[in-house]
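Contents: one structure, followed by commentary.
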Amino acid sequence: MSSGSAFARNASEASRSSAEARLSVEQVSYAYSANPAQAPLFTLEATSFQAKAGEIVAILGPNASGKSTLLKLIAGALAPMSGRILLNGFVTHSLTARTRAQRIAVVQQESTLLFPARAWEFVLQGRHAHGRSLRFESEDDVLIAKNALAQVGAADLSDRWMDQISGGEKQRVILARALAQQPLLLLLDEPTLHLDIAAQVGLLDALRRLAAENRYTVVVVTHELNLAAEYADQVVLMQRGRCLRVGPPVSIYQRELLEQVFQTPLSVEFGASGRPRVTVLSGT
Amino acid sequence: MRPLTLRRLLLQCFILVVILFVVVIIALKFGAVPVSLYALGRDVLRFLLGQTSQISSDYGLIIWNIRGPRILLAIFVGASLSVAGTSFQALLRNPLADPYVLGVSSGASVGAILALIAAPYLSLPSTLAALLTPVGAFLGATATIAAVYVLGRREGQIDSTTLLLGGVITGSFLSAIITLLMGTVTSGNNRGMVFWLMGNLSTSFQKSVYWFLGVGFFVAAGAIYTTATDLNLLLAGEKEAMHLGVDVRRVRIVVYIAASFLTGLAVSVSGSIAYVGLIVPHVMRLIFGSDHRTLLPTAAFGGAIAVVFADTLARTVVAPTEIAVGAVTAIVGAPLFIYLLRRRLA
C-alpha cells in the first residue's frame with residue numbers, strides 16, 4: 001500500500017471512529033500454560049474497556065497483574081482464549097502482520113540491535129509495512145520519517161548511531177519509528193522505565209501532544225502512578241489477572257483501593273488541576 | 001538521511017565485480033605452472049569474443065580445463081557459503097553464526113557421504129545419480145540446522161551462547177561420524193577425509209554439475225533476497241519484527257531452507273570450507289553497512305573473491321604440493337572468530 005492510500009485509509013478510519021470507540025476490548029481472557037495438560041501458570045480474567053481516538057489509556061497494576069499480557073493481546077501478538085479486540089471494527093489478532101503494523105505500533109521497553117544503525121535508518125523501518133516486501137524507500141517514506149523525528153524533537157539525532165545516544169534520546173527515536181508507521185493505535189510497554197524524571201515528563205508531554213494532534217489512541221502500561229494520573233484520560237487498574245476498575249483517574253485513585261492493590265500504605269491528594277497525586281507513606 | 005538506492009547498490013556490486021575479475025586473472029596466472037599475462041590476456045580476449053577455436057596457447061589446457069572450472073567452483077562455493085552465513089547471522093540474531101561453526105557444513109558432509117554410499121545400491125540413471133550428493137548434503141544441512149535450533153532454545157527464545165555451544169558440539173559429533181564413515185566404507189567415490197573435514201576444490205565435475213550449482217545458487221540466493229528487508233527488521237528480534245509487519249514464520253522457513261540448500265550445494269562439491277560465512281559478511285558489513293539489500297549481494301561477491309583468493313594461495317604457497325583451501329580460510333577465520341567472541345563478551 002502506498003503512503004498516499006495509507007493516509008486515505010487513516011483519514012477514513014479516523015473519521016469513522018471519531019463518533020464511536022476506536023478500540024474496543026470485549027470480555028477478553030487468556031491463560032499461560034507451560035504444558036496444555038497442566039493447569040495454567042497465569043490467567044487473565046475477562047477484561048473489557050473502550051477507548052476513543054485521541055485518548056490516552058494507562059494500564060496500572062503491580063507486577064504479575066496481567067498488564068503486559070493485556071497489551072500483547074491488544075497488539076494482536078496473542079490470540080485471546082475468549083472475547084475479542086476490535087480496532088475500528090476489525091478483530092486485531094486475525095489481521096495479517098503487515099496490515100496490523102499499518103494500524104498498530106508497539107513501543108517496547110528497549111530495542112537492541114544486533115549491528116549498529118543510524119537513527120534515520122531505524123525510523124525508516126517503521127515504513128516497512130507500507131511498501132512491498134522488497135523495495136527501496138520512496139521520497140514519501142523519507143519525508144514521513146523526517147516528520148516523525150521532528151514530532152518527537154529528535155531531528156538533530158537523525159545521523160547519530162543508535163548505540164551512541166542516551167536512553168532518553170533512544171526512547172524518542174523508538175517512538176519516532178512507531179509514528180512513521182502512521183498507526184491508529186499506539187501501544188507502549190513501560191516506556192519511561194529507564195528514563196530520568198525530565199525525560200519521563202518530556203516523553204509523556206510528547207505523547208499527549210501527538211494523541212491530540214494526530215488523533216492516535218494511546219495505551220500505556222506503566223508503574224508510574226503519578227505520571228498516569230497526570231497524563232491518562234482513562235485508567236485500567238489490574239490485580240492478579242483481574243481488571244478491577246476502568247475509569248478516569250479521579251474515580252480510580254482512591255486510597256483504600258490503591259493500598260489494597262499495591263499492598264503499601266499511601267495517601268491520595270487532589271491538586272488544583274483536579275488530578276490526583278499519590279504519596280507512598282514509608283515506615284508507617 | 002541517505003536511504004539506499006538501486007543506483008548505489010549497482011555501483012557497489014560493480015566495484016566488487018571488478019575486484020573479482022582481477023582476482024580471477026591472478027588465479028588463472030599463478031599455480032604450479034606459471035602462465036604469462038600476455039598469453040592469458042590473449043586467450044581471455046579470444047574467449048570473450050567467442051573465438052575459442054583459435055585458443056592455441058600452450059597453456060590453454062591448464063587454463064580452460066583445470067584452473068577455469070576450479071575458479072568457477074570457488075566462485076559459487078564462496079558466494080553460497082557467504083550468503084548462507086549472512087542469512088544465519090540475521091535469522092539467529094547471532095554475529096558468530098556460520099555454516100561451519102554451527103555444524104551445518106558437517107551435517108551436509110554426512111548427508112553427502114551417505115548419498116555416495118547409497119548411490120551404487122539405488123541403480124539410478126547417471127543424471128539423477130549426480131544430483132544425489134547435493135540432495136543428500138541439503139538434507140544433512142537442513143536436519144542439522146533444525147537440531148541446532150532446537151538445542152539453542154531456552155524457554156522458547158534463542159539463546160546465543162547455547163546456540164553456539166549446540167552448534168560446536170553437533171559439528172564435533174558429526175565430524176566423528178564422518179571419520180567413522182570414511183574409516184569403514186571403501187568406495188570408489190571416496191574423496192578422502194581431508195576433503196570432507198577441511199574442504200578442497202581440486203575435484204573436477206561434469207558440465208551439468210556446474211549448471212546445477214549456478215542455477216541452484218541463483219534460485220536459493222534469490223529466495224533469500226526477497227526477504228532482505230525482513231531480515232533487516234529481524235536484527236531487532238522476532239517480536240519487534242512482527243510488530244513492524246514481518247511475517248516471521250514465512251521468513252524463517254524460506255531462509256532456513258534456502259540457506260541450508262546453499263550450504264548443501266557448496267559442501268557437496270567442496271567439502272567443509274571453514275569460516276567463509278563468518279569472515280566475509282563481517283567485512284562487507286564494515287564496508288557497506290548492515291542493510292541486507294546491500295549485504296546479501298556484496299557478501300556473495302565478497303565470498304567469491306575470498307574463496308578464489310584462498311584457493312590460489314592453497315595451490316601456490318607450497319607448490320607443487322597443495323594444501324586444503326579450508327586450512328587457509330581457517331587460519332584467517334579462527335582468530336577473527338575469537339576477536340568477535342571477545343568483543344561480544346566485553
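Every chain in the C-alpha cells takes a letter, A first, then B, and so on in the order presented; its residues are numbered from 1, and the ligands are numbered from 1 following the presented order.
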
Neighbouring residues of His282 (chain B) were defined as those with any atom within 12 Å, considering only C-alpha atoms; residues of the same chain fewer than 6 positions away were excluded. Please report them as an mmCIF file with N, CA and C atoms, in the first residue's frame.
```cif
data_model
loop_
_atom_site.group_PDB
_atom_site.id
_atom_site.type_symbol
_atom_site.label_atom_id
_atom_site.label_comp_id
_atom_site.auth_asym_id
_atom_site.auth_seq_id
_atom_site.Cartn_x
_atom_site.Cartn_y
_atom_site.Cartn_z
ATOM 1 N N PHE A 115 23.438 -5.234 14.952
ATOM 2 C CA PHE A 115 24.518 -4.469 14.337
ATOM 3 C C PHE A 115 24.128 -2.990 14.386
ATOM 4 N N SER B 82 28.887 -17.683 1.846
ATOM 5 C CA SER B 82 28.813 -16.333 2.369
ATOM 6 C C SER B 82 27.363 -15.862 2.527
ATOM 7 N N VAL B 83 26.530 -16.150 1.527
ATOM 8 C CA VAL B 83 25.106 -15.769 1.620
ATOM 9 C C VAL B 83 24.439 -16.577 2.735
ATOM 10 N N GLY B 85 25.895 -17.764 5.454
ATOM 11 C CA GLY B 85 26.367 -17.196 6.729
ATOM 12 C C GLY B 85 25.639 -15.910 7.072
ATOM 13 N N THR B 86 25.498 -15.022 6.090
ATOM 14 C CA THR B 86 24.790 -13.749 6.304
ATOM 15 C C THR B 86 23.360 -14.017 6.782
ATOM 16 N N GLN B 89 23.207 -15.464 10.370
ATOM 17 C CA GLN B 89 23.514 -14.438 11.370
ATOM 18 C C GLN B 89 22.285 -13.575 11.671
ATOM 19 N N ALA B 90 21.547 -13.219 10.625
ATOM 20 C CA ALA B 90 20.362 -12.370 10.825
ATOM 21 C C ALA B 90 19.240 -13.166 11.479
ATOM 22 N N ASN B 94 22.706 -13.817 15.691
ATOM 23 C CA ASN B 94 23.994 -14.170 16.284
ATOM 24 C C ASN B 94 25.110 -13.835 15.299
ATOM 25 N N PRO B 95 25.966 -12.851 15.630
ATOM 26 C CA PRO B 95 27.010 -12.456 14.675
ATOM 27 C C PRO B 95 28.071 -13.530 14.477
ATOM 28 N N LEU B 96 28.058 -14.572 15.313
ATOM 29 C CA LEU B 96 29.058 -15.636 15.173
ATOM 30 C C LEU B 96 28.507 -16.831 14.403
ATOM 31 N N ALA B 97 27.265 -16.754 13.958
ATOM 32 C CA ALA B 97 26.671 -17.875 13.216
ATOM 33 C C ALA B 97 27.332 -17.992 11.847
ATOM 34 N N ASP B 98 27.579 -19.222 11.439
ATOM 35 C CA ASP B 98 28.240 -19.509 10.163
ATOM 36 C C ASP B 98 28.001 -20.997 9.901
ATOM 37 N N TYR B 275 34.680 -21.019 7.995
ATOM 38 C CA TYR B 275 34.658 -19.585 8.338
ATOM 39 C C TYR B 275 34.371 -18.591 7.211
ATOM 40 N N VAL B 276 34.179 -19.064 5.961
ATOM 41 C CA VAL B 276 33.888 -18.101 4.877
ATOM 42 C C VAL B 276 32.602 -17.337 5.211
ATOM 43 N N PHE B 288 30.077 -1.761 3.733
ATOM 44 C CA PHE B 288 28.831 -1.297 3.086
ATOM 45 C C PHE B 288 27.641 -1.124 4.041
ATOM 46 N N GLY B 289 27.800 -1.477 5.335
ATOM 47 C CA GLY B 289 26.682 -1.349 6.275
ATOM 48 C C GLY B 289 25.886 -2.640 6.383
ATOM 49 N N SER B 290 24.889 -2.636 7.306
ATOM 50 C CA SER B 290 24.217 -3.907 7.610
ATOM 51 C C SER B 290 22.842 -4.051 6.940
ATOM 52 N N LEU B 295 23.905 -6.028 1.687
ATOM 53 C CA LEU B 295 24.798 -7.023 2.288
ATOM 54 C C LEU B 295 24.747 -8.368 1.560
ATOM 55 N N LEU B 296 23.547 -8.808 1.183
ATOM 56 C CA LEU B 296 23.458 -10.137 0.546
ATOM 57 C C LEU B 296 24.222 -10.188 -0.783
ATOM 58 N N THR B 298 26.623 -8.099 -1.897
ATOM 59 C CA THR B 298 28.057 -7.815 -1.708
ATOM 60 C C THR B 298 28.739 -8.989 -0.998
ATOM 61 N N ALA B 299 28.022 -9.653 -0.090
ATOM 62 C CA ALA B 299 28.591 -10.829 0.577
ATOM 63 C C ALA B 299 28.808 -11.947 -0.446
ATOM 64 N N GLY B 302 31.838 -10.926 -2.332
ATOM 65 C CA GLY B 302 32.959 -10.992 -1.387
ATOM 66 C C GLY B 302 33.369 -12.435 -1.118
ATOM 67 N N GLY B 303 32.359 -13.310 -0.957
ATOM 68 C CA GLY B 303 32.642 -14.730 -0.723
ATOM 69 C C GLY B 303 33.361 -15.351 -1.906
ATOM 70 N N GLY B 333 40.176 -17.240 9.636
ATOM 71 C CA GLY B 333 38.856 -17.177 10.268
ATOM 72 C C GLY B 333 38.860 -17.412 11.761
ATOM 73 N N LEU B 336 39.735 -14.395 13.848
ATOM 74 C CA LEU B 336 38.656 -13.402 13.734
ATOM 75 C C LEU B 336 37.463 -13.814 14.599
ATOM 76 N N PHE B 337 37.187 -15.118 14.617
ATOM 77 C CA PHE B 337 36.098 -15.645 15.432
ATOM 78 C C PHE B 337 36.354 -15.304 16.907
ATOM 79 N N TYR B 339 38.278 -12.927 18.079
ATOM 80 C CA TYR B 339 38.166 -11.474 18.256
ATOM 81 C C TYR B 339 36.696 -11.066 18.422
ATOM 82 N N LEU B 340 35.836 -11.586 17.548
ATOM 83 C CA LEU B 340 34.408 -11.231 17.600
ATOM 84 C C LEU B 340 33.778 -11.726 18.897
#
```

Contacts between chain B and chain A, please, where a residue of chain A counts if it comes within 9 Å (with only C-alpha atoms); show its shortest atom pair and distance in Å to one decimal, rows by chain and ascending number, as JSON lines.
```
{"residue": "A:Ala75", "atom": "CA", "partner": "B:His243", "partner_atom": "CA", "distance": 7.9}
{"residue": "A:Gly76", "atom": "CA", "partner": "B:His243", "partner_atom": "CA", "distance": 8.8}
{"residue": "A:Ala77", "atom": "CA", "partner": "B:His243", "partner_atom": "CA", "distance": 7.9}
{"residue": "A:Thr96", "atom": "CA", "partner": "B:Asp247", "partner_atom": "CA", "distance": 8.0}
{"residue": "A:Ala97", "atom": "CA", "partner": "B:Gly245", "partner_atom": "CA", "distance": 4.6}
{"residue": "A:Arg98", "atom": "CA", "partner": "B:Gly245", "partner_atom": "CA", "distance": 3.9}
{"residue": "A:Thr99", "atom": "CA", "partner": "B:Gly245", "partner_atom": "CA", "distance": 7.1}
{"residue": "A:Arg100", "atom": "CA", "partner": "B:Gly245", "partner_atom": "CA", "distance": 6.9}
{"residue": "A:Ala101", "atom": "CA", "partner": "B:Gly245", "partner_atom": "CA", "distance": 4.9}
{"residue": "A:Gln102", "atom": "CA", "partner": "B:Gly245", "partner_atom": "CA", "distance": 7.7}
{"residue": "A:Ile104", "atom": "CA", "partner": "B:His243", "partner_atom": "CA", "distance": 7.9}
{"residue": "A:Ala105", "atom": "CA", "partner": "B:His243", "partner_atom": "CA", "distance": 6.8}
{"residue": "A:Val106", "atom": "CA", "partner": "B:His243", "partner_atom": "CA", "distance": 6.4}
{"residue": "A:Val107", "atom": "CA", "partner": "B:Glu240", "partner_atom": "CA", "distance": 8.9}
{"residue": "A:Gln108", "atom": "CA", "partner": "B:Glu240", "partner_atom": "CA", "distance": 8.1}
{"residue": "A:Ser111", "atom": "CA", "partner": "B:Ala236", "partner_atom": "CA", "distance": 6.4}
{"residue": "A:Thr112", "atom": "CA", "partner": "B:Ala236", "partner_atom": "CA", "distance": 5.8}
{"residue": "A:Leu113", "atom": "CA", "partner": "B:Ala236", "partner_atom": "CA", "distance": 4.8}
{"residue": "A:Leu114", "atom": "CA", "partner": "B:Leu235", "partner_atom": "CA", "distance": 5.4}
{"residue": "A:Phe115", "atom": "CA", "partner": "B:Ser290", "partner_atom": "CA", "distance": 6.8}
{"residue": "A:Pro116", "atom": "CA", "partner": "B:Ser290", "partner_atom": "CA", "distance": 7.8}
{"residue": "A:Ala117", "atom": "CA", "partner": "B:Ser290", "partner_atom": "CA", "distance": 7.7}
{"residue": "A:Trp120", "atom": "CA", "partner": "B:Met1", "partner_atom": "CA", "distance": 6.2}
{"residue": "A:Glu121", "atom": "CA", "partner": "B:Pro3", "partner_atom": "CA", "distance": 7.5}
{"residue": "A:Leu124", "atom": "CA", "partner": "B:Pro3", "partner_atom": "CA", "distance": 8.6}
{"residue": "A:Gln125", "atom": "CA", "partner": "B:Leu233", "partner_atom": "CA", "distance": 6.9}
{"residue": "A:Gly126", "atom": "CA", "partner": "B:Leu244", "partner_atom": "CA", "distance": 6.4}
{"residue": "A:Arg127", "atom": "CA", "partner": "B:Leu244", "partner_atom": "CA", "distance": 8.3}
{"residue": "A:His128", "atom": "CA", "partner": "B:Leu244", "partner_atom": "CA", "distance": 6.8}
{"residue": "A:Ala129", "atom": "CA", "partner": "B:Gly245", "partner_atom": "CA", "distance": 5.1}
{"residue": "A:His130", "atom": "CA", "partner": "B:Gly245", "partner_atom": "CA", "distance": 8.9}
{"residue": "A:Ser133", "atom": "CA", "partner": "B:Thr229", "partner_atom": "CA", "distance": 6.8}
{"residue": "A:Leu134", "atom": "CA", "partner": "B:Thr226", "partner_atom": "CA", "distance": 5.8}
{"residue": "A:Arg135", "atom": "CA", "partner": "B:Thr229", "partner_atom": "CA", "distance": 7.9}
{"residue": "A:Phe136", "atom": "CA", "partner": "B:Thr5", "partner_atom": "CA", "distance": 6.2}
{"residue": "A:Glu137", "atom": "CA", "partner": "B:Pro3", "partner_atom": "CA", "distance": 6.6}
{"residue": "A:Ser138", "atom": "CA", "partner": "B:Pro3", "partner_atom": "CA", "distance": 8.8}
{"residue": "A:Val142", "atom": "CA", "partner": "B:Met1", "partner_atom": "CA", "distance": 7.6}
{"residue": "A:Lys146", "atom": "CA", "partner": "B:Met1", "partner_atom": "CA", "distance": 8.4}
{"residue": "A:Ser158", "atom": "CA", "partner": "B:Met1", "partner_atom": "CA", "distance": 7.1}
{"residue": "A:Asp159", "atom": "CA", "partner": "B:Met1", "partner_atom": "CA", "distance": 7.0}
{"residue": "A:Ala178", "atom": "CA", "partner": "B:Leu244", "partner_atom": "CA", "distance": 8.6}
{"residue": "A:Gln181", "atom": "CA", "partner": "B:Leu244", "partner_atom": "CA", "distance": 8.0}
```

Since we have the selection now, will you write its residues out, keeping N, CA and C atoms, as a CSV table (one decimal), in the first residue's frame?
```csv
chain,number,residue,atom,x,y,z
A,75,ALA,N,-2.2,-5.9,21.0
A,75,ALA,CA,-1.2,-5.8,19.9
A,75,ALA,C,-1.5,-6.9,18.8
A,76,GLY,N,-2.2,-7.9,19.2
A,76,GLY,CA,-2.5,-9.0,18.3
A,76,GLY,C,-1.4,-10.0,18.3
A,77,ALA,N,-0.4,-9.9,19.2
A,77,ALA,CA,0.7,-10.8,19.3
A,77,ALA,C,0.2,-12.1,20.0
A,96,THR,N,-3.4,-9.8,9.2
A,96,THR,CA,-2.0,-10.2,8.9
A,96,THR,C,-1.0,-9.3,9.6
A,97,ALA,N,0.2,-9.8,9.8
A,97,ALA,CA,1.2,-8.9,10.5
A,97,ALA,C,1.4,-7.6,9.8
A,98,ARG,N,1.4,-7.6,8.4
A,98,ARG,CA,1.6,-6.4,7.7
A,98,ARG,C,0.4,-5.4,7.9
A,99,THR,N,-0.8,-5.9,7.8
A,99,THR,CA,-2.0,-5.0,8.0
A,99,THR,C,-2.0,-4.5,9.4
A,100,ARG,N,-1.7,-5.4,10.3
A,100,ARG,CA,-1.7,-4.9,11.7
A,100,ARG,C,-0.7,-3.8,12.0
A,101,ALA,N,0.5,-4.0,11.3
A,101,ALA,CA,1.5,-3.0,11.5
A,101,ALA,C,1.2,-1.6,10.9
A,102,GLN,N,0.2,-1.6,10.0
A,102,GLN,CA,-0.2,-0.4,9.4
A,102,GLN,C,-1.2,0.3,10.3
A,104,ILE,N,-1.4,-0.6,14.0
A,104,ILE,CA,-1.0,-0.7,15.4
A,104,ILE,C,0.6,-0.5,15.5
A,105,ALA,N,1.1,0.4,16.3
A,105,ALA,CA,2.5,0.5,16.5
A,105,ALA,C,2.8,0.2,18.0
A,106,VAL,N,3.8,-0.6,18.2
A,106,VAL,CA,4.2,-1.1,19.6
A,106,VAL,C,5.5,-0.5,19.9
A,107,VAL,N,5.6,0.2,21.0
A,107,VAL,CA,6.9,0.7,21.5
A,107,VAL,C,7.3,-0.1,22.7
A,108,GLN,N,8.3,-0.9,22.6
A,108,GLN,CA,8.7,-1.8,23.7
A,108,GLN,C,9.7,-1.1,24.6
A,111,SER,N,15.0,-1.4,22.5
A,111,SER,CA,15.2,-2.1,21.3
A,111,SER,C,16.7,-2.4,21.1
A,112,THR,N,17.1,-3.6,21.1
A,112,THR,CA,18.5,-3.9,21.0
A,112,THR,C,18.8,-4.4,19.6
A,113,LEU,N,19.7,-3.7,18.9
A,113,LEU,CA,20.1,-4.1,17.5
A,113,LEU,C,21.3,-4.9,17.5
A,114,LEU,N,21.3,-5.9,16.6
A,114,LEU,CA,22.5,-6.8,16.5
A,114,LEU,C,23.7,-6.1,16.0
A,115,PHE,N,23.4,-5.2,15.0
A,115,PHE,CA,24.5,-4.5,14.3
A,115,PHE,C,24.1,-3.0,14.4
A,116,PRO,N,25.1,-2.1,14.5
A,116,PRO,CA,24.8,-0.7,14.7
A,116,PRO,C,24.0,-0.1,13.5
A,117,ALA,N,23.1,0.8,13.8
A,117,ALA,CA,22.3,1.5,12.7
A,117,ALA,C,22.2,3.0,13.1
A,120,TRP,N,18.1,7.5,11.6
A,120,TRP,CA,17.2,7.6,10.4
A,120,TRP,C,16.9,6.2,9.8
A,121,GLU,N,17.9,5.4,9.8
A,121,GLU,CA,17.7,4.0,9.3
A,121,GLU,C,16.7,3.3,10.1
A,124,LEU,N,13.2,4.6,9.5
A,124,LEU,CA,12.6,4.2,8.2
A,124,LEU,C,12.1,2.8,8.3
A,125,GLN,N,12.5,2.0,9.3
A,125,GLN,CA,12.0,0.6,9.5
A,125,GLN,C,10.5,0.7,9.7
A,126,GLY,N,10.0,1.8,10.3
A,126,GLY,CA,8.6,1.9,10.5
A,126,GLY,C,7.8,2.0,9.2
A,127,ARG,N,8.4,2.2,8.1
A,127,ARG,CA,7.7,2.3,6.8
A,127,ARG,C,7.6,0.9,6.1
A,128,HIS,N,8.2,-0.1,6.7
A,128,HIS,CA,8.2,-1.5,6.1
A,128,HIS,C,6.8,-2.0,5.7
A,129,ALA,N,5.9,-1.8,6.7
A,129,ALA,CA,4.5,-2.4,6.4
A,129,ALA,C,3.8,-1.6,5.3
A,130,HIS,N,4.2,-0.4,4.9
A,130,HIS,CA,3.5,0.3,3.9
A,130,HIS,C,4.0,0.1,2.5
A,133,SER,N,7.3,-6.1,-0.1
A,133,SER,CA,8.3,-6.7,0.7
A,133,SER,C,9.7,-6.3,0.4
A,134,LEU,N,10.1,-6.3,-0.9
A,134,LEU,CA,11.5,-5.9,-1.3
A,134,LEU,C,11.4,-4.6,-2.1
A,135,ARG,N,11.9,-3.5,-1.6
A,135,ARG,CA,11.8,-2.3,-2.3
A,135,ARG,C,12.8,-1.3,-1.7
A,136,PHE,N,12.9,-0.1,-2.4
A,136,PHE,CA,13.7,1.0,-1.9
A,136,PHE,C,12.8,2.0,-1.4
A,137,GLU,N,13.2,2.7,-0.4
A,137,GLU,CA,12.3,3.7,0.3
A,137,GLU,C,12.0,4.9,-0.7
A,138,SER,N,10.8,5.3,-0.7
A,138,SER,CA,10.4,6.4,-1.6
A,138,SER,C,10.7,7.8,-0.9
A,142,VAL,N,10.8,8.9,3.2
A,142,VAL,CA,11.8,9.8,3.8
A,142,VAL,C,11.2,11.0,4.5
A,146,LYS,N,11.3,11.8,8.5
A,146,LYS,CA,11.8,13.1,8.9
A,146,LYS,C,10.8,13.8,9.8
A,158,SER,N,19.1,12.5,13.8
A,158,SER,CA,19.0,11.7,12.6
A,158,SER,C,20.2,10.9,12.2
A,159,ASP,N,21.4,11.6,12.2
A,159,ASP,CA,22.6,10.9,11.7
A,159,ASP,C,23.4,10.2,12.8
A,178,ALA,N,7.7,4.4,15.6
A,178,ALA,CA,6.3,4.0,15.8
A,178,ALA,C,5.4,5.0,15.0
A,181,GLN,N,5.0,4.6,11.3
A,181,GLN,CA,4.1,3.5,10.9
A,181,GLN,C,2.7,4.1,10.6
```

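The protein and nucleic acid residues lying at most 10 Å from Ala129 (chain B) are Ala115, Leu116, Ala118, Ala119, Pro120, Leu122, Ser123, Leu124, Pro125, Ser126, Leu132, Thr133 and Pro134 of chain B, with only C-alpha atoms considered and sequence neighbours fewer than 3 positions away removed.
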
Tell me, in Å to one decimal, how far CA of Glu139 (chain A) is from CA of Ala180 (chain A).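 Rounded to one decimal, the two atoms are 13.3 Å apart.
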
Extract, using only C-alpha atoms, all DNA, RNA and protein residues at most 12 Å from Ile85 (chain A), discarding same-chain residues fewer than 6 positions from it, and format them as a PyMOL selection string. chain A and resi 21-29+46-51+70-79+91-95

Please produce a file of those selected residues containing N, CA and C atoms, as an mmCIF file, in the first residue's frame.
```cif
data_model
loop_
_atom_site.group_PDB
_atom_site.id
_atom_site.type_symbol
_atom_site.label_atom_id
_atom_site.label_comp_id
_atom_site.auth_asym_id
_atom_site.auth_seq_id
_atom_site.Cartn_x
_atom_site.Cartn_y
_atom_site.Cartn_z
ATOM 1 N N ALA A 21 -16.196 4.224 19.681
ATOM 2 C CA ALA A 21 -14.931 3.760 20.246
ATOM 3 C C ALA A 21 -14.037 3.254 19.132
ATOM 4 N N ARG A 22 -12.771 3.695 19.146
ATOM 5 C CA ARG A 22 -11.832 3.182 18.133
ATOM 6 C C ARG A 22 -11.327 1.807 18.562
ATOM 7 N N LEU A 23 -10.995 1.697 19.848
ATOM 8 C CA LEU A 23 -10.510 0.418 20.380
ATOM 9 C C LEU A 23 -11.556 -0.138 21.322
ATOM 10 N N SER A 24 -11.913 -1.393 21.092
ATOM 11 C CA SER A 24 -12.929 -2.000 21.932
ATOM 12 C C SER A 24 -12.431 -3.371 22.415
ATOM 13 N N VAL A 25 -12.134 -3.470 23.702
ATOM 14 C CA VAL A 25 -11.684 -4.735 24.291
ATOM 15 C C VAL A 25 -12.912 -5.361 24.943
ATOM 16 N N GLU A 26 -13.339 -6.517 24.419
ATOM 17 C CA GLU A 26 -14.624 -7.080 24.845
ATOM 18 C C GLU A 26 -14.439 -8.444 25.506
ATOM 19 N N GLN A 27 -14.543 -8.469 26.799
ATOM 20 C CA GLN A 27 -14.518 -9.727 27.585
ATOM 21 C C GLN A 27 -13.344 -10.632 27.195
ATOM 22 N N VAL A 28 -12.184 -10.030 27.137
ATOM 23 C CA VAL A 28 -11.006 -10.768 26.669
ATOM 24 C C VAL A 28 -10.339 -11.515 27.814
ATOM 25 N N SER A 29 -10.056 -12.806 27.606
ATOM 26 C CA SER A 29 -9.327 -13.569 28.623
ATOM 27 C C SER A 29 -8.190 -14.349 27.973
ATOM 28 N N ALA A 46 -11.680 -12.254 32.233
ATOM 29 C CA ALA A 46 -12.374 -11.442 31.221
ATOM 30 C C ALA A 46 -12.232 -9.943 31.519
ATOM 31 N N THR A 47 -11.705 -9.224 30.545
ATOM 32 C CA THR A 47 -11.431 -7.793 30.713
ATOM 33 C C THR A 47 -12.092 -7.011 29.582
ATOM 34 N N SER A 48 -12.686 -5.887 29.925
ATOM 35 C CA SER A 48 -13.329 -5.050 28.890
ATOM 36 C C SER A 48 -13.031 -3.578 29.133
ATOM 37 N N PHE A 49 -12.780 -2.845 28.097
ATOM 38 C CA PHE A 49 -12.768 -1.377 28.145
ATOM 39 C C PHE A 49 -12.803 -0.847 26.718
ATOM 40 N N GLN A 50 -13.067 0.422 26.592
ATOM 41 C CA GLN A 50 -13.112 1.048 25.268
ATOM 42 C C GLN A 50 -12.300 2.335 25.275
ATOM 43 N N ALA A 51 -11.786 2.711 24.111
ATOM 44 C CA ALA A 51 -11.033 3.973 24.034
ATOM 45 C C ALA A 51 -11.342 4.657 22.718
ATOM 46 N N LEU A 70 -2.222 -8.158 28.682
ATOM 47 C CA LEU A 70 -3.320 -7.409 28.066
ATOM 48 C C LEU A 70 -2.804 -6.597 26.871
ATOM 49 N N LEU A 71 -1.611 -6.009 27.028
ATOM 50 C CA LEU A 71 -1.039 -5.212 25.940
ATOM 51 C C LEU A 71 -0.725 -6.106 24.719
ATOM 52 N N LYS A 72 -0.174 -7.310 24.989
ATOM 53 C CA LYS A 72 0.142 -8.241 23.892
ATOM 54 C C LYS A 72 -1.126 -8.678 23.170
ATOM 55 N N LEU A 73 -2.213 -8.842 23.932
ATOM 56 C CA LEU A 73 -3.494 -9.224 23.309
ATOM 57 C C LEU A 73 -3.998 -8.100 22.410
ATOM 58 N N ILE A 74 -3.890 -6.861 22.905
ATOM 59 C CA ILE A 74 -4.347 -5.714 22.109
ATOM 60 C C ILE A 74 -3.481 -5.584 20.848
ATOM 61 N N ALA A 75 -2.166 -5.871 21.012
ATOM 62 C CA ALA A 75 -1.244 -5.757 19.873
ATOM 63 C C ALA A 75 -1.493 -6.856 18.831
ATOM 64 N N GLY A 76 -2.245 -7.888 19.222
ATOM 65 C CA GLY A 76 -2.508 -8.984 18.286
ATOM 66 C C GLY A 76 -1.410 -10.034 18.307
ATOM 67 N N ALA A 77 -0.430 -9.871 19.233
ATOM 68 C CA ALA A 77 0.660 -10.849 19.327
ATOM 69 C C ALA A 77 0.153 -12.140 19.961
ATOM 70 N N LEU A 78 -0.902 -12.053 20.773
ATOM 71 C CA LEU A 78 -1.523 -13.236 21.364
ATOM 72 C C LEU A 78 -2.984 -13.266 20.926
ATOM 73 N N ALA A 79 -3.501 -14.484 20.750
ATOM 74 C CA ALA A 79 -4.920 -14.617 20.412
ATOM 75 C C ALA A 79 -5.684 -14.875 21.710
ATOM 76 N N VAL A 91 -11.122 -7.291 13.975
ATOM 77 C CA VAL A 91 -10.548 -8.101 15.050
ATOM 78 C C VAL A 91 -9.031 -8.094 14.885
ATOM 79 N N THR A 92 -8.296 -7.591 15.899
ATOM 80 C CA THR A 92 -6.852 -7.336 15.705
ATOM 81 C C THR A 92 -6.034 -8.600 15.447
ATOM 82 N N HIS A 93 -6.288 -9.672 16.196
ATOM 83 C CA HIS A 93 -5.386 -10.819 16.050
ATOM 84 C C HIS A 93 -5.623 -11.606 14.760
ATOM 85 N N SER A 94 -6.723 -11.320 14.060
ATOM 86 C CA SER A 94 -6.932 -12.046 12.808
ATOM 87 C C SER A 94 -6.387 -11.273 11.592
ATOM 88 N N LEU A 95 -5.861 -10.076 11.833
ATOM 89 C CA LEU A 95 -5.239 -9.325 10.724
ATOM 90 C C LEU A 95 -3.867 -9.919 10.429
#
```

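Taking only region 108-275 of chain A, the residues that DSSP calls strand (DSSP E or B) from the backbone come to Arg118, Trp161, Leu185, Leu186, Leu187, Leu188, Asp189, Thr217, Val218, Val219, Val220, Val221, Gln234, Val235, Val236, Leu237, Met238, Gln239, Arg242, Cys243, Leu244, Arg245, Val246, Gly247, Leu266, Ser267, Val268, Glu269 and Phe270 of chain A.
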